[in-house]
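Below: one structure, written as structure tokens.
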Amino acid sequence: PYDHPDDNHVMEDVLAYYKQIIALRNAHSALRTGRFLSLLADDDQDVWAFERADDTETLIVALNASGEDREVRIPLPAGAADRWGAVYGEGADVKAADGAINIRVPAIGGVVLKAR
């Protein structure tokens with residue numbers, strides 16, 4: 001017979017991930033109530049990026065649904081900051097060039113950047 005996991009059991013790594021994502025959302029008001037603007041929808045690479053902004057902060061969220069890391073160029077709206085720093089996921093400070101930023105988004109993962 002099929003041996004399935006106990007419904008009350010949550011794998012520790014999944015629980016830790018959810019706690020991390022909830023803490024991120026709680027720490028950044030723009031993720032809860034900020035304005036939404038789609039910046040990139042790349043079906044070929046399975047990458048979607050959008051901006052969330054409120055009166056206190058501006059964030060860029062980039063999500064990768066593919067099984068491979070992706071290098072993407074995300075166009076920025078007019079007047080956007082030229083320096084961004086990672087608040088979630090891998091990454092260092094990113095500097096905009098020609099109205100866009102270039103970042104690596106991990107496979108089946110994401111990155112959240114905050115305007116500096």
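Note on naming: chains are A, B, ... as they come in the structure tokens, residues start from 1 per chain, ligands start from 1 in the order shown.
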
Which of segment 11-106 of chain A fall in alpha helix (DSSP H), as an MDAnalysis selection string: chainID A and resid 12:27 29:33

Distance of atom CA of His28 of chain A from atom CA of Ala65 of chain A, expressed in Å to one decimal place: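 Computing the Euclidean distance for atom CA of Ala65 of chain A and atom CA of His28 of chain A yields 23.1 Å.
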
Selected residue of minimal separation from Arg52 of chain A among A:Ser29, A:Asn102, A:Ser66, A:Gln20, counting only C-alpha atoms: A:Ser29

Residue neighbourhood segment 88-99 of chain A, 9 Å, only C-alpha atoms, exclusion window fewer than 2 positions, as number ranges by chain: A: 21, 24, 74-78, 80-86, 101-106, 109-113, 116

Counting only C-alpha atoms, the option among A:Val72, A:Leu63, A:Ala16, A:Glu51 closest to Gly34 of chain A: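 Closest to Gly34 of chain A of all the choices is A:Glu51.
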
DSSP strand (DSSP E or B) residues within segment 3-105 of chain A, as a count of residues only: 43

Atom CA of Tyr17 of chain A to atom CA of Asp44 of chain A, distance in Å rounded to a single decimal: 27.0 Å

Between atom CA of Leu31 of chain A and atom CA of Thr58 of chain A, distance in Å (one decimal): 9.2 Å

Of the listed residues A:Val47, A:Val87, A:Ala30, A:Ala23, that which approaches Asn64 of chain A most closely, counting only C-alpha atoms: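 Of all the options, A:Val47 lies closest to Asn64 of chain A.
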
Using only C-alpha atoms: which of A:Asp46, A:Val14, A:Ala107, A:Ser38 has the shortest distance to Val61 of chain A: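 Of the candidates, the smallest distance to Val61 of chain A is held by A:Ser38.
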